[in-house]
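This is structure24.cif (mmCIF, C-alpha atoms).
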data_work
#
loop_
_atom_site.label_atom_id
_atom_site.label_comp_id
_atom_site.auth_asym_id
_atom_site.auth_seq_id
_atom_site.Cartn_x
_atom_site.Cartn_y
_atom_site.Cartn_z
CA MET A 1 73.35 -41.14 28.35
CA ASN A 2 75.01 -37.75 27.90
CA THR A 3 72.38 -35.69 26.10
CA LEU A 4 73.16 -32.38 24.41
CA LYS A 5 71.96 -29.41 26.41
CA ILE A 6 71.36 -25.70 25.88
CA GLY A 7 74.60 -23.98 24.90
CA ASP A 8 76.18 -27.10 23.33
CA LYS A 9 77.39 -27.02 19.72
CA LEU A 10 75.91 -29.08 16.89
CA PRO A 11 78.02 -32.27 16.72
CA ALA A 12 79.86 -33.14 13.51
CA PHE A 13 78.15 -35.85 11.47
CA ASP A 14 78.03 -37.31 7.98
CA VAL A 15 75.17 -39.79 7.54
CA ALA A 16 73.10 -40.95 4.56
CA ASP A 17 69.53 -39.76 4.20
CA GLN A 18 66.59 -41.78 2.86
CA ASP A 19 67.92 -41.47 -0.71
CA GLY A 20 71.55 -42.30 0.07
CA ASN A 21 72.68 -38.66 -0.06
CA SER A 22 75.42 -37.70 2.37
CA ILE A 23 74.05 -35.20 4.90
CA LYS A 24 76.63 -33.34 7.02
CA ASN A 25 76.35 -30.87 9.87
CA THR A 26 78.21 -28.37 7.64
CA ASP A 27 75.33 -28.46 5.12
CA PHE A 28 73.45 -26.25 7.60
CA THR A 29 76.15 -23.61 8.17
CA GLY A 30 74.54 -20.27 8.96
CA LYS A 31 71.06 -21.82 9.14
CA LYS A 32 68.79 -22.49 12.08
CA LEU A 33 68.11 -26.19 12.46
CA ILE A 34 65.62 -28.48 14.16
CA VAL A 35 66.78 -32.09 14.65
CA PHE A 36 64.06 -34.46 15.83
CA PHE A 37 64.73 -38.03 16.91
CA TYR A 38 62.04 -40.68 16.73
CA PRO A 39 62.15 -44.38 17.69
CA LYS A 40 60.95 -46.07 14.49
CA ALA A 41 59.70 -44.99 11.06
CA SER A 42 56.08 -45.76 10.15
CA THR A 43 54.97 -46.53 13.72
CA PRO A 44 51.83 -44.70 14.92
CA GLY A 45 53.43 -42.11 17.24
CA CYS A 46 56.30 -41.36 14.90
CA THR A 47 53.93 -40.97 11.95
CA VAL A 48 51.69 -38.55 13.88
CA GLU A 49 54.73 -36.50 14.96
CA ALA A 50 56.36 -36.32 11.52
CA CYS A 51 53.04 -35.53 9.80
CA ASN A 52 52.43 -32.70 12.27
CA LEU A 53 55.87 -31.27 11.41
CA ARG A 54 55.10 -31.69 7.69
CA ASP A 55 51.77 -29.88 8.07
CA HIS A 56 53.51 -26.93 9.78
CA TYR A 57 56.71 -27.02 7.73
CA THR A 58 55.97 -23.65 6.07
CA SER A 59 55.58 -21.98 9.48
CA LEU A 60 58.91 -23.46 10.62
CA GLN A 61 60.59 -22.30 7.40
CA GLU A 62 59.14 -18.81 7.85
CA LYS A 63 61.01 -18.70 11.17
CA GLY A 64 64.17 -19.67 9.25
CA PHE A 65 64.41 -23.32 10.30
CA GLU A 66 65.66 -26.32 8.37
CA LEU A 67 64.36 -29.67 9.62
CA LEU A 68 66.03 -33.05 9.94
CA GLY A 69 64.49 -36.29 11.24
CA VAL A 70 66.70 -39.07 12.63
CA SER A 71 66.16 -42.71 13.57
CA ALA A 72 68.17 -45.92 13.32
CA ASP A 73 65.99 -47.22 10.48
CA SER A 74 67.39 -48.39 7.13
CA GLN A 75 67.49 -46.12 4.08
CA LYS A 76 64.70 -48.16 2.52
CA ARG A 77 62.46 -47.82 5.57
CA GLN A 78 63.16 -44.07 5.81
CA SER A 79 62.51 -43.67 2.08
CA ASN A 80 59.18 -45.53 2.30
CA PHE A 81 58.18 -43.43 5.34
CA ARG A 82 59.09 -40.15 3.61
CA ASN A 83 57.46 -41.00 0.29
CA LYS A 84 54.25 -42.36 1.80
CA HIS A 85 53.68 -39.18 3.84
CA GLU A 86 55.35 -36.72 1.44
CA PHE A 87 57.69 -35.19 4.00
CA PRO A 88 59.48 -32.08 2.66
CA PHE A 89 62.49 -32.73 4.92
CA SER A 90 65.26 -35.34 4.99
CA LEU A 91 65.27 -38.38 7.26
CA LEU A 92 68.67 -39.71 8.30
CA ALA A 93 69.14 -43.48 8.21
CA ASP A 94 71.46 -43.54 11.23
CA GLN A 95 71.89 -47.32 11.47
CA ASP A 96 75.39 -46.98 13.01
CA LYS A 97 73.96 -44.51 15.57
CA GLU A 98 76.58 -41.86 14.76
CA VAL A 99 74.16 -38.95 15.21
CA ILE A 100 72.04 -40.73 17.83
CA ASP A 101 75.11 -41.26 20.05
CA ALA A 102 76.52 -37.77 19.38
CA PHE A 103 73.26 -36.21 20.59
CA GLY A 104 72.96 -38.66 23.50
CA VAL A 105 69.45 -39.92 22.75
CA TRP A 106 70.12 -43.68 23.00
CA GLY A 107 69.47 -45.28 26.36
CA PRO A 108 67.23 -47.30 28.64
CA LYS A 109 63.48 -47.08 28.05
CA LYS A 110 60.41 -48.71 29.51
CA PHE A 111 57.37 -49.88 27.60
CA MET A 112 54.56 -51.96 29.09
CA GLY A 113 56.74 -52.93 32.04
CA LYS A 114 59.70 -54.07 29.92
CA GLU A 115 63.06 -52.34 29.93
CA TYR A 116 65.17 -52.08 26.79
CA ASP A 117 67.60 -49.73 25.07
CA GLY A 118 66.30 -47.49 22.33
CA ILE A 119 66.01 -44.00 20.90
CA HIS A 120 64.42 -41.39 23.11
CA ARG A 121 61.95 -39.13 21.31
CA LYS A 122 63.64 -35.74 21.64
CA THR A 123 63.99 -32.58 19.61
CA PHE A 124 66.89 -30.15 19.52
CA VAL A 125 66.62 -26.59 18.25
CA PHE A 126 69.80 -24.84 17.05
CA ASP A 127 70.37 -21.19 16.20
CA GLU A 128 72.29 -20.04 13.12
CA ASN A 129 75.56 -20.39 15.08
CA HIS A 130 74.71 -24.06 15.68
CA MET A 131 74.27 -23.65 19.42
CA VAL A 132 71.48 -25.60 21.14
CA ILE A 133 68.84 -23.05 22.15
CA ARG A 134 66.16 -25.53 23.16
CA VAL A 135 65.75 -29.21 24.01
CA ILE A 136 62.26 -30.74 23.99
CA ASP A 137 62.23 -33.86 26.17
CA LYS A 138 58.47 -34.31 26.40
CA VAL A 139 57.47 -34.30 22.76
CA LYS A 140 53.75 -34.03 22.12
CA THR A 141 53.43 -36.00 18.89
CA LYS A 142 50.08 -34.46 17.83
CA THR A 143 51.18 -30.83 18.38
CA HIS A 144 54.95 -30.98 18.06
CA ALA A 145 55.32 -28.09 15.59
CA GLN A 146 53.33 -25.84 17.92
CA GLN A 147 55.61 -26.91 20.80
CA ILE A 148 58.59 -25.73 18.77
CA LEU A 149 56.98 -22.54 17.41
CA GLU A 150 55.71 -21.31 20.76
CA GLU A 151 59.24 -20.65 21.97
CA VAL A 152 61.22 -19.54 18.91
#

Can you present the structure in this file as structure tokens?
Amino acid sequence: MNTLKIGDKLPAFDVADQDGNSIKNTDFTGKKLIVFFYPKASTPGCTVEACNLRDHYTSLQEKGFELLGVSADSQKRQSNFRNKHEFPFSLLADQDKEVIDAFGVWGPKKFMGKEYDGIHRKTFVFDENHMVIRVIDKVKTKTHAQQILEEV
């Protein structure tokens, strides 16, 4: 797993969001961007994390950030997740793992003693030049927005 690190550039991507719209890295040219990866839409931890980001979305926008959530879920699942919780940001339905692989967040995980491959919960913060300025490996789902805001 070759994860993006501080100083790396935002990888090129073109993936559909929850509504089937094509979302590209170039859509964020000149904008600061937060890309958060989560294992599975509508699961307890992912819901808590995304709702925390929703609840602090205005604060993130005031700092100039756009927000993008990514998982390998289907468009339908992402759409249901977004609509149910009224997220003001797009969720990429990265079923082919284009973005997931480009960011290096797919790899071995352990849960209840079992090993399997999956998405690592990570967040990447980019400046307006699309350089990684921060990587959050230990995401605190209940206070994730505060984790991001305390260092930007």

Output the residue selection produced by the PyMOL selection byres ((chain A and resi 14) around 12) on the file above, formatted as a PDB file with C-alpha atoms, in the coordinates of the input.
ATOM      1  CA  PRO A  11      78.020 -32.270  16.720  1.00  0.00           C
ATOM      2  CA  ALA A  12      79.860 -33.140  13.510  1.00  0.00           C
ATOM      3  CA  PHE A  13      78.150 -35.850  11.470  1.00  0.00           C
ATOM      4  CA  VAL A  15      75.170 -39.790   7.540  1.00  0.00           C
ATOM      5  CA  ALA A  16      73.100 -40.950   4.560  1.00  0.00           C
ATOM      6  CA  ASP A  17      69.530 -39.760   4.200  1.00  0.00           C
ATOM      7  CA  GLY A  20      71.550 -42.300   0.070  1.00  0.00           C
ATOM      8  CA  ASN A  21      72.680 -38.660  -0.060  1.00  0.00           C
ATOM      9  CA  SER A  22      75.420 -37.700   2.370  1.00  0.00           C
ATOM     10  CA  ILE A  23      74.050 -35.200   4.900  1.00  0.00           C
ATOM     11  CA  LYS A  24      76.630 -33.340   7.020  1.00  0.00           C
ATOM     12  CA  ASN A  25      76.350 -30.870   9.870  1.00  0.00           C
ATOM     13  CA  THR A  26      78.210 -28.370   7.640  1.00  0.00           C
ATOM     14  CA  ASP A  27      75.330 -28.460   5.120  1.00  0.00           C
ATOM     15  CA  PHE A  28      73.450 -26.250   7.600  1.00  0.00           C
ATOM     16  CA  LEU A  92      68.670 -39.710   8.300  1.00  0.00           C
ATOM     17  CA  ALA A  93      69.140 -43.480   8.210  1.00  0.00           C
ATOM     18  CA  ASP A  94      71.460 -43.540  11.230  1.00  0.00           C
ATOM     19  CA  ASP A  96      75.390 -46.980  13.010  1.00  0.00           C
ATOM     20  CA  LYS A  97      73.960 -44.510  15.570  1.00  0.00           C
ATOM     21  CA  GLU A  98      76.580 -41.860  14.760  1.00  0.00           C
ATOM     22  CA  VAL A  99      74.160 -38.950  15.210  1.00  0.00           C
ATOM     23  CA  ALA A 102      76.520 -37.770  19.380  1.00  0.00           C
TER      24      ALA A 102
END

Around the point (59.4, -40.2, 4.1) (coordinates from the file), which residues reach within 12 Å if we count all atoms listed in the file? Answer as an mmCIF file with C-alpha atoms, keeping the file's coordinate frame.
data_model
loop_
_atom_site.group_PDB
_atom_site.id
_atom_site.type_symbol
_atom_site.label_atom_id
_atom_site.label_comp_id
_atom_site.auth_asym_id
_atom_site.auth_seq_id
_atom_site.Cartn_x
_atom_site.Cartn_y
_atom_site.Cartn_z
ATOM 1 C CA ASP A 17 69.530 -39.760 4.200
ATOM 2 C CA GLN A 18 66.590 -41.780 2.860
ATOM 3 C CA ASP A 19 67.920 -41.470 -0.710
ATOM 4 C CA ALA A 41 59.700 -44.990 11.060
ATOM 5 C CA SER A 42 56.080 -45.760 10.150
ATOM 6 C CA CYS A 46 56.300 -41.360 14.900
ATOM 7 C CA THR A 47 53.930 -40.970 11.950
ATOM 8 C CA ALA A 50 56.360 -36.320 11.520
ATOM 9 C CA CYS A 51 53.040 -35.530 9.800
ATOM 10 C CA ARG A 54 55.100 -31.690 7.690
ATOM 11 C CA LEU A 68 66.030 -33.050 9.940
ATOM 12 C CA GLY A 69 64.490 -36.290 11.240
ATOM 13 C CA VAL A 70 66.700 -39.070 12.630
ATOM 14 C CA SER A 71 66.160 -42.710 13.570
ATOM 15 C CA ASP A 73 65.990 -47.220 10.480
ATOM 16 C CA SER A 74 67.390 -48.390 7.130
ATOM 17 C CA GLN A 75 67.490 -46.120 4.080
ATOM 18 C CA LYS A 76 64.700 -48.160 2.520
ATOM 19 C CA ARG A 77 62.460 -47.820 5.570
ATOM 20 C CA GLN A 78 63.160 -44.070 5.810
ATOM 21 C CA SER A 79 62.510 -43.670 2.080
ATOM 22 C CA ASN A 80 59.180 -45.530 2.300
ATOM 23 C CA PHE A 81 58.180 -43.430 5.340
ATOM 24 C CA ARG A 82 59.090 -40.150 3.610
ATOM 25 C CA ASN A 83 57.460 -41.000 0.290
ATOM 26 C CA LYS A 84 54.250 -42.360 1.800
ATOM 27 C CA HIS A 85 53.680 -39.180 3.840
ATOM 28 C CA GLU A 86 55.350 -36.720 1.440
ATOM 29 C CA PHE A 87 57.690 -35.190 4.000
ATOM 30 C CA PRO A 88 59.480 -32.080 2.660
ATOM 31 C CA PHE A 89 62.490 -32.730 4.920
ATOM 32 C CA SER A 90 65.260 -35.340 4.990
ATOM 33 C CA LEU A 91 65.270 -38.380 7.260
ATOM 34 C CA LEU A 92 68.670 -39.710 8.300
ATOM 35 C CA ALA A 93 69.140 -43.480 8.210
#

Taking only C-alpha atoms into account, name the residue in A:Val48, A:Leu53, A:Ala72, A:Met112 that is nearest to Thr141 (chain A).
A:Val48

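Take the candidates A:Thr123, A:Lys32, A:Asn129, A:Glu150 and check each one against Glu49 (chain A) using only C-alpha atoms; the shortest distance goes to A:Thr123.
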
Which neighbours of region 133-139 of chain A fall inside 12 Å, counting all atoms listed in the file, when residues of the same chain fewer than 5 positions from it are skipped, and could you give them as a VMD selection string?
chain A and resid 3 to 10 32 to 38 45 to 46 48 to 50 52 to 53 103 to 105 120 to 128 144 to 152

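Here CA of Ile119 (chain A) stands at a distance of 9.5 Å from CA of Asp101 (chain A).
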
So how many Å separate CA of Asn2 (chain A) and CA of Lys140 (chain A), to one decimal?
22.3 Å

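Computed from the coordinates, the CA of His56 (chain A) to CA of Lys142 (chain A) distance equals 11.5 Å.
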
Step by step, gather every atom of region 28-39 of chain A that the file lists, find the box along x, y and z that holds them, add 4 Å on each side, and finally give centre and edge lengths in Å to one decimal, as lines of an AutoDock Vina configuration file.
center_x = 69.1
center_y = -32.3
center_z = 12.6
size_x = 22.1
size_y = 32.1
size_z = 18.1

Please evaluate the PyMOL selection byres ((chain A and resi 117) around 9) against the displayed coordinates and give the resulting residues as a ChimeraX atom specification.
/A:106-110,115-116,118-119

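Proximity ranking of A:Gly113, A:Lys40, A:Val132, A:Lys31 relative to Gln61 (chain A) places A:Lys31 first, based on only C-alpha atoms.
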